[in-house]
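The structure appears below as structure tokens.
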Amino acid sequence: MIFSTLEHILTHISFSMVSVVITLHLITLLVNEIAGLYNSFEKGMIITFFWITVLLITRGIYWKHFPLSNLYESLIFLSWSFYIIHMIPYFKKQKNNLSAITAPSAIFTQGFATSGLLTEIHQSAILVPALQSQWLMMHVSMMVLGYAALLGGSLLSIALLIITFQKDLIRIFDKRKHFLNEFFFLREIQYIKEKGNIVHSASYLSVRNYYRSQLIEQLDNWSYRVISLGFIFLTIGILSGAVWANEAWGSYWNWDPKETWAFITWTIFAIYLHIRTNTNLQGTNSAIVAFIGFLIIWICYFGVNLLGIGLHSYGSFTLTLN
């Protein structure tokens with residue numbers, strides 16, 4: 001009873017902190033001049049990270065195992081992982097370009113875990129014999145950290161695609177406008193009206209295109225770094241899982257649905273890293289592969305649990321239908 005009450009309090013404190021933090025983040029995006037809000041946002045992220053850490057430790061101490069035995073615990077750990085990724089640039093005193101990705105991702109995963117959509121996953125239980133192993137912490141933590149990094153990097157690639165698509169769309173409309181002006185013989189009149197502003201407009205467009213290209217390059221570089229980190233975690237998680245499977249089931253690989261989709265995920269991001277080594281294919285091409293990987297991760301991490309079959313069915317769940 002005491003543990004249940006403590007966990008309930010910690011869950012609501014952490015979620016309330018995330019709500020406040022995301023509100024501050026949205027304000028800082030709209031009003032860049034207020035430096036104090038940005039500092040409050042970063043401090044709020046650290047405080048929320050602390051409360052989630054306390055929640056995981058409390059749950060682990062009470063149930064006497066690493067808190068990654070079901071979907072609820074893995075979602076909380078996934079949210080915790082997003083905070084880790086967020087705070088790395090902060091403690092390195094670098095500009096945190098990941099905050100627009102990590103902060104919403106943290107509140108989404110934590111909000112879903114604590115929502116009423118899932119039933120009977122908040123309560124932990126005595127581990128089945130297959131999970132009573134030291135490999136639980138190694139395998140599952142590496143997999144979830146890998147998912148968090150790969151999701152964050154993929155979202156950066158998706159942002160790159162959106163900005164690039166917007167840039168191409170603007171270019172298409174500009175060409176269409178130029179064609180209409182010439183077709184209706186308005187080029188001379190427009191030139192007279194805008195003669196005084198032509199230099200200013202050209203300068204503005206040049207600066208805007210420069211900053212847009214710089215942003216696209218930064219998104220591409222950050223996406224590559226984060227996905228590379230996630231790929232390492234994912235590789236370690238798959239290898240440790242194979243060793244654990246051999247101890248528990250007598251076989252390194254069983255082509256279980258979870259294993260199969262994990263292998264597909266690993267293959268997709270291996271293709272991404274291979275494409276990224278070719279300078280001619282960097283940017284949009286590699287970002288498209290990362291976007292495909294983003295969808296595959298959710299199938300592997302979340303979609304397979306809907307089936308509730310296979311050797312990895314411990315994290316399956318049912319939805320509450322009101």
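Starting from 1 in every chain, residues are counted up; chains themselves are A, B, ... following the order of the structure tokens, and ligands are numbered from 1 as listed.
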
Long-range neighbours of region 6-16 of chain A as a PyMOL selection string, 8 Å cut-off, only C-alpha atoms, 4 positions minimum in chain: chain A and resi 2+20+48-49+51-52+54-55+58-59+107+110-111+114

Any chance you could list, as a PyMOL selection string, the residues in region 66-100 of chain A that come up alpha helix (DSSP H) when DSSP is run on the backbone? chain A and resi 71-91+99-100

Taking into account only C-alpha atoms, which residue in the set A:Ile84, A:Met45, A:Ala248, A:Leu68 is nearest to Ser133 (chain A)?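 For Ser133 (chain A), the nearest of the candidates is A:Ala248.
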
If you count only C-alpha atoms, which residues fall within 6 Å of region 78-80 of chain A, apart from same-chain ones fewer than 5 positions away, as an NGL selection string? :A and (106 or 109-110 or 144)

Resulting file, chosen residues, C-alpha atoms, as a compact mmCIF listing (two decimals), in the first residue's frame:
# COMPACT_ATOMS: atom_id res chain seq x y z
CA ALA A 106 9.53 12.40 -23.34
CA THR A 109 5.93 8.31 -23.93
CA GLN A 110 5.40 9.15 -20.27
CA VAL A 144 15.45 0.76 -25.13
